[in-house]
$ cat data-v6.tsv   # TSV, C-alpha atoms
chain	number	residue	atom	x	y	z
L	64	MET	CA	-16.45	0.50	-58.97
L	65	LYS	CA	-19.67	-0.46	-57.17
L	66	LEU	CA	-21.71	1.36	-59.81
L	67	GLN	CA	-19.86	-0.49	-62.57
L	68	ARG	CA	-20.66	-3.84	-60.98
L	69	MET	CA	-24.32	-2.89	-60.69
L	70	ASN	CA	-24.38	-1.90	-64.36
L	71	ARG	CA	-22.78	-5.16	-65.40
L	72	ARG	CA	-25.29	-7.13	-63.39
L	73	ALA	CA	-28.20	-5.18	-64.85
L	74	LEU	CA	-26.95	-5.88	-68.38
L	75	THR	CA	-26.85	-9.63	-67.79
L	76	LEU	CA	-30.20	-10.11	-66.04
L	77	GLY	CA	-32.19	-10.53	-69.26
L	78	ALA	CA	-29.99	-13.29	-70.55
L	79	LEU	CA	-29.83	-15.00	-67.18
L	80	ALA	CA	-33.59	-15.09	-66.81
L	81	VAL	CA	-33.82	-17.05	-70.05
L	82	SER	CA	-30.94	-19.29	-69.09
L	83	GLY	CA	-32.38	-20.04	-65.65
L	84	ALA	CA	-35.79	-20.88	-67.09
L	85	LEU	CA	-34.29	-23.28	-69.60
L	86	ALA	CA	-32.20	-24.92	-66.90
L	87	LEU	CA	-35.30	-25.85	-64.93
L	88	THR	CA	-36.23	-28.33	-67.65
L	89	ALA	CA	-32.73	-29.30	-68.68
L	90	CYS	CA	-31.35	-30.80	-65.46
L	91	GLY	CA	-29.40	-33.88	-66.50
L	92	SER	CA	-29.10	-32.88	-70.16
L	93	ASP	CA	-25.78	-32.31	-71.89
L	94	ASP	CA	-26.67	-29.49	-74.23
L	95	THR	CA	-25.10	-26.55	-72.39
L	96	GLY	CA	-22.56	-25.73	-75.06
L	97	SER	CA	-21.62	-22.72	-77.09
L	98	SER	CA	-24.76	-22.84	-79.22
L	99	GLY	CA	-26.67	-20.57	-76.81
L	100	ASP	CA	-28.96	-17.79	-77.93
L	101	SER	CA	-26.72	-15.17	-79.50
L	102	SER	CA	-29.50	-12.58	-79.44
L	103	SER	CA	-28.46	-11.44	-75.97
L	104	SER	CA	-25.86	-8.95	-77.14
L	105	ALA	CA	-25.71	-7.20	-73.76
L	106	SER	CA	-24.61	-10.39	-72.00
L	107	ALA	CA	-22.13	-11.20	-74.76
L	108	THR	CA	-20.63	-7.72	-74.68
L	109	THR	CA	-20.25	-7.77	-70.91
L	110	ALA	CA	-18.68	-11.22	-70.96
L	111	ALA	CA	-16.39	-10.43	-73.87
L	112	GLY	CA	-15.13	-7.34	-72.14
L	113	SER	CA	-13.96	-9.06	-68.97
L	114	ILE	CA	-13.54	-12.81	-69.49
L	115	LYS	CA	-10.03	-14.01	-70.21
L	116	CYS	CA	-10.08	-16.96	-72.60
L	117	ASP	CA	-6.31	-17.51	-72.58
L	118	ASP	CA	-5.64	-20.64	-74.70
L	119	ALA	CA	-9.03	-22.21	-74.05
L	120	LYS	CA	-10.39	-24.23	-76.96
L	121	GLY	CA	-12.16	-27.46	-77.76
L	122	GLN	CA	-14.73	-29.28	-75.67
L	123	LEU	CA	-14.94	-29.56	-71.89
L	124	LEU	CA	-17.04	-32.35	-70.44
L	125	ALA	CA	-18.27	-31.99	-66.87
L	126	ASP	CA	-20.91	-33.61	-64.69
L	127	GLY	CA	-22.27	-33.58	-61.18
L	128	SER	CA	-24.43	-31.48	-58.91
L	129	SER	CA	-27.86	-30.65	-60.23
L	130	ALA	CA	-28.03	-28.04	-57.46
L	131	GLN	CA	-25.67	-25.76	-59.36
L	132	LYS	CA	-27.06	-26.55	-62.83
L	133	ASN	CA	-28.90	-23.25	-63.19
L	134	ALA	CA	-25.78	-21.33	-62.15
L	135	ILE	CA	-23.56	-23.35	-64.49
L	136	ASP	CA	-25.92	-22.71	-67.40
L	137	ALA	CA	-25.75	-18.96	-66.78
L	138	TRP	CA	-21.97	-19.04	-66.47
L	139	VAL	CA	-21.54	-21.21	-69.56
L	140	LYS	CA	-23.71	-18.87	-71.62
L	141	ASN	CA	-21.54	-15.86	-70.79
L	142	PHE	CA	-18.24	-17.72	-71.04
L	143	THR	CA	-18.86	-19.39	-74.39
L	144	GLN	CA	-20.12	-16.15	-75.91
L	145	ALA	CA	-16.79	-14.57	-75.01
L	146	CYS	CA	-14.67	-17.64	-75.77
L	147	ASN	CA	-16.39	-19.06	-78.82
L	148	GLY	CA	-13.67	-21.63	-79.39
L	149	VAL	CA	-14.81	-23.56	-76.32
L	150	GLN	CA	-17.82	-25.79	-75.82
L	151	ILE	CA	-18.76	-26.80	-72.27
L	152	ASN	CA	-21.15	-29.69	-71.75
L	153	TYR	CA	-22.24	-29.97	-68.12
L	154	LYS	CA	-24.55	-32.86	-67.27
L	155	GLY	CA	-26.31	-32.25	-63.97
L	156	SER	CA	-26.60	-35.95	-63.18
L	157	GLY	CA	-26.08	-35.50	-59.44
L	158	SER	CA	-23.06	-35.21	-57.16
L	159	GLY	CA	-22.48	-38.95	-56.90
L	160	ALA	CA	-22.46	-39.41	-60.67
L	161	GLY	CA	-20.15	-36.43	-61.08
L	162	ILE	CA	-17.56	-37.72	-58.62
L	163	THR	CA	-17.65	-41.15	-60.27
L	164	ALA	CA	-17.14	-39.60	-63.69
L	165	PHE	CA	-14.24	-37.54	-62.34
L	166	THR	CA	-12.44	-40.43	-60.64
L	167	GLN	CA	-12.84	-42.47	-63.83
L	168	GLY	CA	-11.24	-39.73	-65.90
L	169	GLN	CA	-14.35	-39.03	-67.98
L	170	VAL	CA	-14.69	-35.31	-67.22
L	171	ALA	CA	-12.41	-32.29	-66.88
L	172	PHE	CA	-14.10	-31.26	-63.64
L	173	ALA	CA	-17.08	-32.26	-61.53
L	174	GLY	CA	-19.57	-30.47	-59.35
L	175	SER	CA	-20.49	-31.86	-55.94
L	176	ASP	CA	-22.49	-30.57	-53.00
L	177	SER	CA	-20.36	-32.74	-50.71
L	178	ALA	CA	-16.59	-32.65	-50.36
L	179	LEU	CA	-14.55	-35.61	-51.54
L	180	LYS	CA	-14.32	-38.51	-49.12
L	181	PRO	CA	-10.87	-40.01	-48.37
L	182	GLU	CA	-11.51	-43.00	-50.62
L	183	GLU	CA	-12.57	-40.68	-53.43
L	184	VAL	CA	-9.40	-38.64	-53.04
L	185	THR	CA	-7.42	-41.90	-53.30
L	186	ALA	CA	-9.31	-42.87	-56.44
L	187	SER	CA	-8.67	-39.44	-57.98
L	188	LYS	CA	-4.90	-39.99	-57.82
L	189	GLN	CA	-5.28	-42.52	-60.63
L	190	VAL	CA	-6.40	-39.77	-63.02
L	191	CYS	CA	-4.51	-36.77	-61.56
L	192	SER	CA	-0.94	-37.57	-62.56
L	193	GLY	CA	1.23	-36.57	-59.61
L	194	GLY	CA	-1.68	-34.87	-57.88
L	195	GLN	CA	-5.18	-35.46	-56.55
L	196	GLY	CA	-8.71	-34.15	-56.67
L	197	ILE	CA	-9.45	-31.04	-54.60
L	198	ASP	CA	-12.63	-29.24	-53.55
L	199	LEU	CA	-13.13	-25.62	-54.61
L	200	PRO	CA	-16.22	-24.01	-53.02
L	201	MET	CA	-17.75	-21.97	-55.82
L	202	VAL	CA	-21.43	-21.40	-55.24
L	203	ALA	CA	-23.72	-21.55	-52.23
L	204	GLY	CA	-27.45	-21.74	-51.99
L	205	PRO	CA	-30.31	-22.40	-49.64
L	206	ILE	CA	-32.01	-25.79	-49.76
L	207	ALA	CA	-35.62	-24.76	-49.75
L	208	VAL	CA	-38.29	-26.92	-48.17
L	209	ALA	CA	-41.10	-26.38	-50.67
L	210	VAL	CA	-44.76	-27.26	-50.23
L	211	ASN	CA	-47.92	-27.40	-52.31
L	212	ILE	CA	-50.93	-27.19	-50.00
L	213	SER	CA	-54.15	-25.71	-51.35
L	214	GLY	CA	-55.27	-22.76	-49.26
L	215	VAL	CA	-51.98	-22.41	-47.35
L	216	ASP	CA	-49.85	-19.48	-48.46
L	217	SER	CA	-47.23	-19.49	-45.72
L	218	LEU	CA	-45.88	-22.14	-43.40
L	219	THR	CA	-43.29	-22.31	-40.63
L	220	LEU	CA	-41.59	-25.56	-39.59
L	221	ASP	CA	-38.71	-26.44	-37.28
L	222	ALA	CA	-36.12	-29.19	-37.58
L	223	PRO	CA	-37.87	-31.81	-35.39
L	224	THR	CA	-41.13	-31.38	-37.30
L	225	ILE	CA	-39.40	-31.58	-40.69
L	226	ALA	CA	-37.59	-34.72	-39.55
L	227	LYS	CA	-40.84	-36.37	-38.45
L	228	ILE	CA	-42.55	-35.45	-41.72
L	229	PHE	CA	-39.82	-36.95	-43.91
L	230	ASP	CA	-39.58	-40.01	-41.68
L	231	GLY	CA	-43.31	-40.69	-41.95
L	232	LYS	CA	-44.01	-39.94	-38.28
L	233	ILE	CA	-46.24	-36.95	-39.12
L	234	THR	CA	-48.68	-37.85	-41.88
L	235	LYS	CA	-51.36	-35.11	-41.95
L	236	TRP	CA	-51.00	-31.37	-42.48
L	237	ASN	CA	-53.29	-30.60	-39.55
L	238	ASP	CA	-51.06	-32.49	-37.11
L	239	ALA	CA	-50.78	-30.83	-33.70
L	240	ALA	CA	-47.05	-30.19	-34.09
L	241	ILE	CA	-47.61	-28.24	-37.31
L	242	LYS	CA	-50.59	-26.38	-35.81
L	243	LYS	CA	-48.45	-25.26	-32.88
L	244	LEU	CA	-45.95	-23.62	-35.25
L	245	ASN	CA	-48.72	-22.10	-37.39
L	246	PRO	CA	-51.54	-21.07	-35.03
L	247	SER	CA	-53.25	-18.77	-37.53
L	248	ALA	CA	-53.03	-21.03	-40.59
L	249	LYS	CA	-56.01	-23.01	-41.87
L	250	LEU	CA	-54.31	-26.38	-42.14
L	251	PRO	CA	-56.30	-29.03	-44.03
L	252	ASP	CA	-56.96	-32.62	-43.02
L	253	LEU	CA	-54.78	-33.70	-45.94
L	254	LYS	CA	-52.26	-36.48	-46.32
L	255	ILE	CA	-48.63	-35.39	-46.53
L	256	GLN	CA	-46.76	-36.57	-49.64
L	257	ALA	CA	-43.02	-36.23	-48.98
L	258	PHE	CA	-40.70	-36.21	-52.02
L	259	HIS	CA	-37.00	-37.05	-51.86
L	260	ARG	CA	-34.19	-37.64	-54.35
L	261	SER	CA	-33.93	-41.04	-56.02
L	262	ASP	CA	-30.32	-40.47	-57.15
L	263	GLU	CA	-27.24	-40.05	-55.01
L	264	SER	CA	-27.25	-36.36	-54.22
L	265	GLY	CA	-25.21	-33.81	-52.34
L	266	THR	CA	-28.49	-31.99	-51.75
L	267	THR	CA	-29.73	-35.03	-49.84
L	268	ASP	CA	-26.42	-35.20	-47.98
L	269	ASN	CA	-26.66	-31.56	-46.84
L	270	PHE	CA	-30.39	-31.75	-46.06
L	271	THR	CA	-29.89	-34.79	-43.85
L	272	LYS	CA	-26.81	-33.25	-42.22
L	273	TYR	CA	-29.13	-30.46	-41.13
L	274	LEU	CA	-31.65	-32.96	-39.71
L	275	ILE	CA	-28.92	-34.94	-37.94
L	276	ALA	CA	-27.48	-31.78	-36.36
L	277	ALA	CA	-30.68	-29.87	-35.59
L	278	ALA	CA	-33.05	-32.76	-34.78
L	279	PRO	CA	-30.84	-35.56	-33.42
L	280	ASN	CA	-33.67	-37.10	-31.40
L	281	ASP	CA	-35.96	-37.36	-34.42
L	282	TRP	CA	-33.61	-38.25	-37.26
L	283	LYS	CA	-31.70	-41.43	-36.50
L	284	TYR	CA	-30.16	-42.09	-39.90
L	285	SER	CA	-26.45	-41.82	-40.61
L	286	GLY	CA	-26.85	-39.54	-43.64
L	287	GLY	CA	-25.02	-39.44	-46.93
L	288	LYS	CA	-25.82	-38.90	-50.59
L	289	ALA	CA	-28.39	-41.73	-50.74
L	290	TRP	CA	-31.81	-41.25	-49.12
L	291	GLN	CA	-32.18	-43.66	-46.17
L	292	ALA	CA	-35.63	-43.11	-44.67
L	293	LYS	CA	-38.45	-45.44	-45.71
L	294	GLY	CA	-41.54	-44.40	-47.59
L	295	GLY	CA	-42.19	-41.17	-49.42
L	296	GLN	CA	-41.98	-40.46	-53.14
L	297	ALA	CA	-38.68	-40.57	-55.02
L	298	ALA	CA	-37.74	-38.38	-58.00
L	299	GLN	CA	-34.64	-37.87	-60.13
L	300	GLY	CA	-32.72	-34.65	-59.60
L	301	SER	CA	-33.79	-31.39	-58.07
L	302	SER	CA	-35.99	-30.66	-61.07
L	303	GLY	CA	-37.78	-33.99	-60.61
L	304	VAL	CA	-38.49	-33.31	-56.95
L	305	ALA	CA	-39.75	-29.83	-57.79
L	306	GLN	CA	-42.01	-31.18	-60.50
L	307	GLY	CA	-43.40	-33.88	-58.19
L	308	VAL	CA	-44.25	-31.35	-55.49
L	309	LYS	CA	-45.78	-28.98	-58.01
L	310	GLN	CA	-48.10	-31.69	-59.38
L	311	THR	CA	-49.23	-33.05	-55.99
L	312	ASN	CA	-51.56	-31.32	-53.56
L	313	GLY	CA	-50.26	-31.96	-50.05
L	314	ALA	CA	-46.68	-32.44	-51.20
L	315	ILE	CA	-43.43	-31.35	-49.58
L	316	GLY	CA	-39.88	-31.71	-50.87
L	317	TYR	CA	-36.38	-30.33	-50.52
L	318	MET	CA	-34.61	-28.59	-53.40
L	319	GLU	CA	-32.39	-25.62	-54.16
L	320	LEU	CA	-34.21	-22.31	-54.06
L	321	SER	CA	-33.74	-21.79	-57.80
L	322	TYR	CA	-36.05	-24.78	-58.41
L	323	ALA	CA	-38.75	-23.70	-55.94
L	324	LYS	CA	-40.74	-21.69	-58.45
L	325	ASP	CA	-44.05	-21.68	-60.29
L	326	GLY	CA	-46.69	-22.32	-57.68
L	327	LEU	CA	-44.51	-23.70	-54.91
L	328	LYS	CA	-44.29	-22.07	-51.47
L	329	THR	CA	-41.11	-22.20	-49.43
L	330	VAL	CA	-41.21	-22.97	-45.72
L	331	ASP	CA	-39.81	-20.53	-43.16
L	332	ILE	CA	-37.50	-22.27	-40.71
L	333	ASP	CA	-37.82	-21.74	-36.96
L	334	THR	CA	-34.19	-21.93	-35.82
L	335	GLY	CA	-34.63	-20.37	-32.43
L	336	ALA	CA	-33.61	-16.96	-33.78
L	337	SER	CA	-35.74	-13.90	-33.09
L	338	ALA	CA	-37.90	-14.73	-36.12
L	339	PRO	CA	-38.33	-17.67	-38.52
L	340	VAL	CA	-35.86	-17.48	-41.41
L	341	LYS	CA	-36.90	-17.46	-45.05
L	342	ALA	CA	-34.94	-19.32	-47.70
L	343	SER	CA	-32.92	-16.61	-49.44
L	344	SER	CA	-29.56	-15.92	-51.03
L	345	ASP	CA	-28.69	-13.43	-48.29
L	346	GLY	CA	-29.59	-15.97	-45.61
L	347	ALA	CA	-27.34	-18.56	-47.24
L	348	THR	CA	-24.42	-16.14	-47.48
L	349	LYS	CA	-24.78	-15.32	-43.78
L	350	ALA	CA	-24.64	-19.03	-42.96
L	351	VAL	CA	-21.60	-19.71	-45.17
L	352	ALA	CA	-19.73	-16.69	-43.78
L	353	ALA	CA	-19.46	-18.57	-40.49
L	354	ALA	CA	-18.10	-21.74	-42.15
L	355	GLN	CA	-14.64	-23.06	-41.38
L	356	VAL	CA	-12.15	-24.25	-44.01
L	357	VAL	CA	-11.28	-27.79	-42.95
L	358	GLY	CA	-9.48	-28.95	-46.10
L	359	THR	CA	-5.70	-29.29	-46.14
L	360	GLY	CA	-3.21	-28.13	-48.75
L	361	SER	CA	-5.01	-26.90	-51.86
L	362	ASP	CA	-8.30	-28.43	-50.74
L	363	LEU	CA	-10.82	-25.85	-49.54
L	364	SER	CA	-13.64	-28.00	-48.19
L	365	LEU	CA	-15.82	-26.27	-45.59
L	366	LYS	CA	-17.61	-27.17	-42.38
L	367	LEU	CA	-21.02	-25.52	-42.04
L	368	ASP	CA	-22.99	-24.84	-38.85
L	369	TYR	CA	-26.42	-26.38	-39.43
L	370	THR	CA	-27.60	-25.42	-35.95
L	371	THR	CA	-27.03	-21.69	-36.28
L	372	LYS	CA	-29.45	-19.44	-34.40
L	373	ALA	CA	-28.06	-16.22	-35.84
L	374	ASP	CA	-30.74	-13.82	-36.99
L	375	GLY	CA	-31.25	-14.04	-40.72
L	376	ALA	CA	-28.91	-17.03	-41.22
L	377	TYR	CA	-30.66	-19.78	-43.18
L	378	PRO	CA	-29.51	-23.10	-41.72
L	379	ILE	CA	-30.27	-25.53	-44.60
L	380	THR	CA	-27.55	-24.28	-46.89
L	381	LEU	CA	-25.24	-26.17	-49.18
L	382	VAL	CA	-21.99	-25.30	-50.85
L	383	THR	CA	-21.25	-26.72	-54.27
L	384	TYR	CA	-17.63	-27.55	-54.96
L	385	GLU	CA	-15.96	-27.74	-58.33
L	386	ILE	CA	-13.70	-30.77	-58.15
L	387	VAL	CA	-10.55	-30.69	-60.22
L	388	CYS	CA	-7.01	-32.05	-60.11
L	389	ASP	CA	-4.55	-29.82	-58.30
L	390	LYS	CA	-1.81	-31.29	-60.51
L	391	GLY	CA	-1.87	-33.63	-63.46
L	392	ASN	CA	-4.84	-32.19	-65.35
L	393	LYS	CA	-5.01	-33.31	-68.98
L	394	SER	CA	-3.11	-30.90	-71.20
L	395	ALA	CA	-5.95	-30.76	-73.72
L	396	THR	CA	-8.49	-29.51	-71.19
L	397	LEU	CA	-6.38	-27.62	-68.64
L	398	PRO	CA	-6.47	-24.20	-70.41
L	399	GLY	CA	-10.25	-24.31	-70.82
L	400	THR	CA	-10.81	-25.58	-67.29
L	401	LYS	CA	-8.65	-22.86	-65.74
L	402	ALA	CA	-10.21	-20.12	-67.87
L	403	PHE	CA	-13.75	-21.20	-66.98
L	404	LEU	CA	-13.01	-21.61	-63.26
L	405	ASN	CA	-11.23	-18.24	-63.27
L	406	TYR	CA	-14.36	-16.63	-64.67
L	407	ILE	CA	-16.86	-18.23	-62.29
L	408	ALA	CA	-14.66	-17.39	-59.29
L	409	SER	CA	-14.20	-13.80	-60.46
L	410	GLN	CA	-16.08	-10.85	-59.02
L	411	GLU	CA	-18.23	-10.70	-62.13
L	412	GLY	CA	-18.93	-14.42	-62.17
L	413	GLN	CA	-19.95	-14.39	-58.53
L	414	SER	CA	-22.05	-11.24	-58.90
L	415	ILE	CA	-24.68	-12.90	-61.08
L	416	LEU	CA	-25.55	-15.54	-58.46
L	417	SER	CA	-27.92	-13.65	-56.18
L	418	GLY	CA	-30.02	-12.66	-59.19
L	419	ILE	CA	-30.75	-16.32	-59.94
L	420	ASP	CA	-31.43	-17.47	-56.37
L	421	TYR	CA	-27.92	-18.59	-55.46
L	422	ALA	CA	-25.50	-17.08	-52.97
L	423	PRO	CA	-21.99	-15.82	-53.81
L	424	MET	CA	-19.16	-17.13	-51.73
L	425	PRO	CA	-17.88	-14.79	-48.98
L	426	ASP	CA	-14.83	-12.76	-49.96
L	427	ALA	CA	-12.51	-14.52	-47.53
L	428	ILE	CA	-13.29	-17.88	-49.13
L	429	ILE	CA	-13.51	-16.97	-52.82
L	430	SER	CA	-10.15	-15.16	-52.68
L	431	LYS	CA	-8.54	-18.46	-51.67
L	432	VAL	CA	-10.36	-20.21	-54.51
L	433	ARG	CA	-8.96	-17.72	-57.04
L	434	SER	CA	-5.41	-18.30	-55.83
L	435	THR	CA	-5.85	-22.07	-56.03
L	436	VAL	CA	-7.30	-21.95	-59.55
L	437	ALA	CA	-4.30	-19.91	-60.68
L	438	SER	CA	-1.97	-22.66	-59.41
L	439	LEU	CA	-3.68	-25.58	-61.18
L	440	SER	CA	-1.36	-27.52	-63.46
$ encode --input "data-v6.tsv" --output "structure tokens"
Amino acid sequence: MKLQRMNRRALTLGALAVSGALALTACGSDDTGSSGDSSSSASATTAAGSIKCDDAKGQLLADGSSAQKNAIDAWVKNFTQACNGVQINYKGSGSGAGITAFTQGQVAFAGSDSALKPEEVTASKQVCSGGQGIDLPMVAGPIAVAVNISGVDSLTLDAPTIAKIFDGKITKWNDAAIKKLNPSAKLPDLKIQAFHRSDESGTTDNFTKYLIAAAPNDWKYSGGKAWQAKGGQAAQGSSGVAQGVKQTNGAIGYMELSYAKDGLKTVDIDTGASAPVKASSDGATKAVAAAQVVGTGSDLSLKLDYTTKADGAYPITLVTYEIVCDKGNKSATLPGTKAFLNYIASQEGQSILSGIDYAPMPDAIISKVRSTVASLS
């Protein structure tokens, strides 16, 4: 069985590499339908052999988290090759936009890096006939702190220093606090350019939750999807932040690991563990494995430990939820929604994640997700 999974994963890597590269420039677009490149016969064969389409047909509209956009694109490519009667258009407009679209009945499901708030659950009852919106944790990933500093190939930072940088309290790369954490690095006398999200973002929410928990004396903001600190450079979506950092010498920004490519360096985080922790899929999975399910009923929202000191556990980790009605889904989109969610929660759907810089959900959590998806009505 293990060998079969490895073979499946190997067959899909070529297609996923193309899909992930395209997703880097497509964040916020709505062109992730069934018109994908059909030349990847290996991916299509693998998907067709295991994906259950059931009665899925027509068009599914979805919106939300740009953090999961690269994963969604890879999943959509496989799913629509197997189920060619379905078109899925996922706009990675950000978690806030996705939740709004969901509570207004504009999409079949939404992606969010933050669980629904009580008022959002209340709003969802207007579109979920006899039910409400629920959170299904589907994909995890490290939020990388990425830098572009000429002459600096590796950098270690801790939570207080990161907080001071993004709050404008540390303004030069050769600041004493950064030197202390990097005694052998040749740090330049260069102005720090900190990039943050301009849109409401679950990535911002999780990044600031980390700062609030791990650097409470240095980050005094209340947190949330909207960036609250003054100053810095703002950019739309994770792809916008990544592009801004890439184009600016002296820049730093926060983004999902899948966006921290092409010339960007990721910061190692000093958590107090035996060694600084690199941003990695394995590190994110270790962090999520210690999470607690705090949702009630069908809701599976999680509580993460942002102050973990466990060796190898990467503390700045987010979980993206697919938000859907537990009951009262529209009859026209329910079969397609269930079929797609069944695939992405399956062993095969989860197995592609680590190859594109995401982290699969731990078995104990994803098994509950599968049961919940099966009960959607």
$ residues_near_point --input "data-v6.tsv" --point "(-7.8, -19.7, -57.9)" --cutoff "10 Å" --atoms "all atoms listed in the file" --output "short mmCIF file (atom, residue, chain, number, x, y, z; two decimals) with C-alpha atoms, in the frame of the given file"
data_model
loop_
_atom_site.label_atom_id
_atom_site.label_comp_id
_atom_site.auth_asym_id
_atom_site.auth_seq_id
_atom_site.Cartn_x
_atom_site.Cartn_y
_atom_site.Cartn_z
CA LEU L 199 -13.13 -25.62 -54.61
CA SER L 361 -5.01 -26.90 -51.86
CA LYS L 401 -8.65 -22.86 -65.74
CA LEU L 404 -13.01 -21.61 -63.26
CA ASN L 405 -11.23 -18.24 -63.27
CA TYR L 406 -14.36 -16.63 -64.67
CA ALA L 408 -14.66 -17.39 -59.29
CA SER L 409 -14.20 -13.80 -60.46
CA ILE L 429 -13.51 -16.97 -52.82
CA SER L 430 -10.15 -15.16 -52.68
CA LYS L 431 -8.54 -18.46 -51.67
CA VAL L 432 -10.36 -20.21 -54.51
CA ARG L 433 -8.96 -17.72 -57.04
CA SER L 434 -5.41 -18.30 -55.83
CA THR L 435 -5.85 -22.07 -56.03
CA VAL L 436 -7.30 -21.95 -59.55
CA ALA L 437 -4.30 -19.91 -60.68
CA SER L 438 -1.97 -22.66 -59.41
CA LEU L 439 -3.68 -25.58 -61.18
#
$ closest_residue --input "data-v6.tsv" --among "L:Ser192, L:Asn147, L:Thr348, L:Thr185" --to "L:Lys115" --atoms "only C-alpha atoms"
L:Asn147
$ atom_distance --input "data-v6.tsv" --atom1 "atom CA of L:Gly127" --atom2 "atom CA of L:Arg260"
14.3 Å
$ atom_distance --input "data-v6.tsv" --atom1 "atom CA of L:Gln410" --atom2 "atom CA of L:Ala350"
20.0 Å
$ atom_distance --input "data-v6.tsv" --atom1 "atom CA of L:Ile255" --atom2 "atom CA of L:Asn237"
9.7 Å
$ closest_residue --input "data-v6.tsv" --among "L:Gly168, L:Gly313, L:Gly155, L:Pro251" --to "L:Lys393" --atoms "all atoms listed in the file"
L:Gly168
$ residues_near_point --input "data-v6.tsv" --point "(-8.8, -25.6, -50.7)" --cutoff "7 Å" --atoms "only C-alpha atoms" --output "list in words"
Ile197, Asp198, Leu199, Gly358, Thr359, Gly360, Ser361, Asp362, Leu363, Ser364 and Val432 of chain L
$ residues_around --input "data-v6.tsv" --residues "L:Ser440" --least-positions-apart "4" --cutoff "10 Å" --atoms "all atoms listed in the file" --output "list of chain:residue names"
L:Cys191, L:Gly194, L:Cys388, L:Asp389, L:Lys390, L:Gly391, L:Asn392, L:Lys393, L:Ser394, L:Leu397, L:Pro398, L:Lys401, L:Val436
$ residues_around --input "data-v6.tsv" --residues "L:Pro181" --least-positions-apart "5" --cutoff "12 Å" --atoms "only C-alpha atoms" --output "ChimeraX atom specification"
/L:186-188,195-197,358
$ residues_around --input "data-v6.tsv" --residues "L:Val210" --least-positions-apart "2" --cutoff "7 Å" --atoms "only C-alpha atoms" --output "list in words"
Val208, Ile212, Val308, Ala314, Ile315, Gly316, Leu327, Lys328 and Thr329 of chain L
$ residues_around --input "data-v6.tsv" --residues "L:Asp374" --least-positions-apart "5" --cutoff "8 Å" --atoms "only C-alpha atoms" --output "PDB file with C-alpha atoms, in the coordinates of the input"
ATOM      1  CA  ALA L 336     -33.610 -16.960 -33.780  1.00  0.00           C
ATOM      2  CA  SER L 337     -35.740 -13.900 -33.090  1.00  0.00           C
ATOM      3  CA  ALA L 338     -37.900 -14.730 -36.120  1.00  0.00           C
ATOM      4  CA  VAL L 340     -35.860 -17.480 -41.410  1.00  0.00           C
TER       5      VAL L 340
END
$ residues_around --input "data-v6.tsv" --residues "L:Met201" --least-positions-apart "5" --cutoff "8 Å" --atoms "all atoms listed in the file" --output "PyMOL selection string"
chain L and resi 382-385+407-408+423-424+429+432
$ write_last_selection --input "data-v6.tsv" --atoms "C-alpha atoms" --output "PDB file, in the frame of the given file"
ATOM      1  CA  VAL L 382     -21.990 -25.300 -50.850  1.00  0.00           C
ATOM      2  CA  THR L 383     -21.250 -26.720 -54.270  1.00  0.00           C
ATOM      3  CA  TYR L 384     -17.630 -27.550 -54.960  1.00  0.00           C
ATOM      4  CA  GLU L 385     -15.960 -27.740 -58.330  1.00  0.00           C
ATOM      5  CA  ILE L 407     -16.860 -18.230 -62.290  1.00  0.00           C
ATOM      6  CA  ALA L 408     -14.660 -17.390 -59.290  1.00  0.00           C
ATOM      7  CA  PRO L 423     -21.990 -15.820 -53.810  1.00  0.00           C
ATOM      8  CA  MET L 424     -19.160 -17.130 -51.730  1.00  0.00           C
ATOM      9  CA  ILE L 429     -13.510 -16.970 -52.820  1.00  0.00           C
ATOM     10  CA  VAL L 432     -10.360 -20.210 -54.510  1.00  0.00           C
TER      11      VAL L 432
END
$ closest_residue --input "data-v6.tsv" --among "L:Gly307, L:Gly346, L:Pro279, L:Gly231" --to "L:Ala422" --atoms "all atoms listed in the file"
L:Gly346
$ closest_residue --input "data-v6.tsv" --among "L:Lys232, L:Gly286, L:Pro205, L:Gly295" --to "L:Ala342" --atoms "only C-alpha atoms"
L:Pro205
$ closest_residue --input "data-v6.tsv" --among "L:Asp221, L:Asp281, L:Glu263, L:Asp252" --to "L:Gly300" --atoms "all atoms listed in the file"
L:Glu263
$ closest_residue --input "data-v6.tsv" --among "L:Ala248, L:Ala137, L:Ala164, L:Ala178" --to "L:Ile419" --atoms "only C-alpha atoms"
L:Ala137
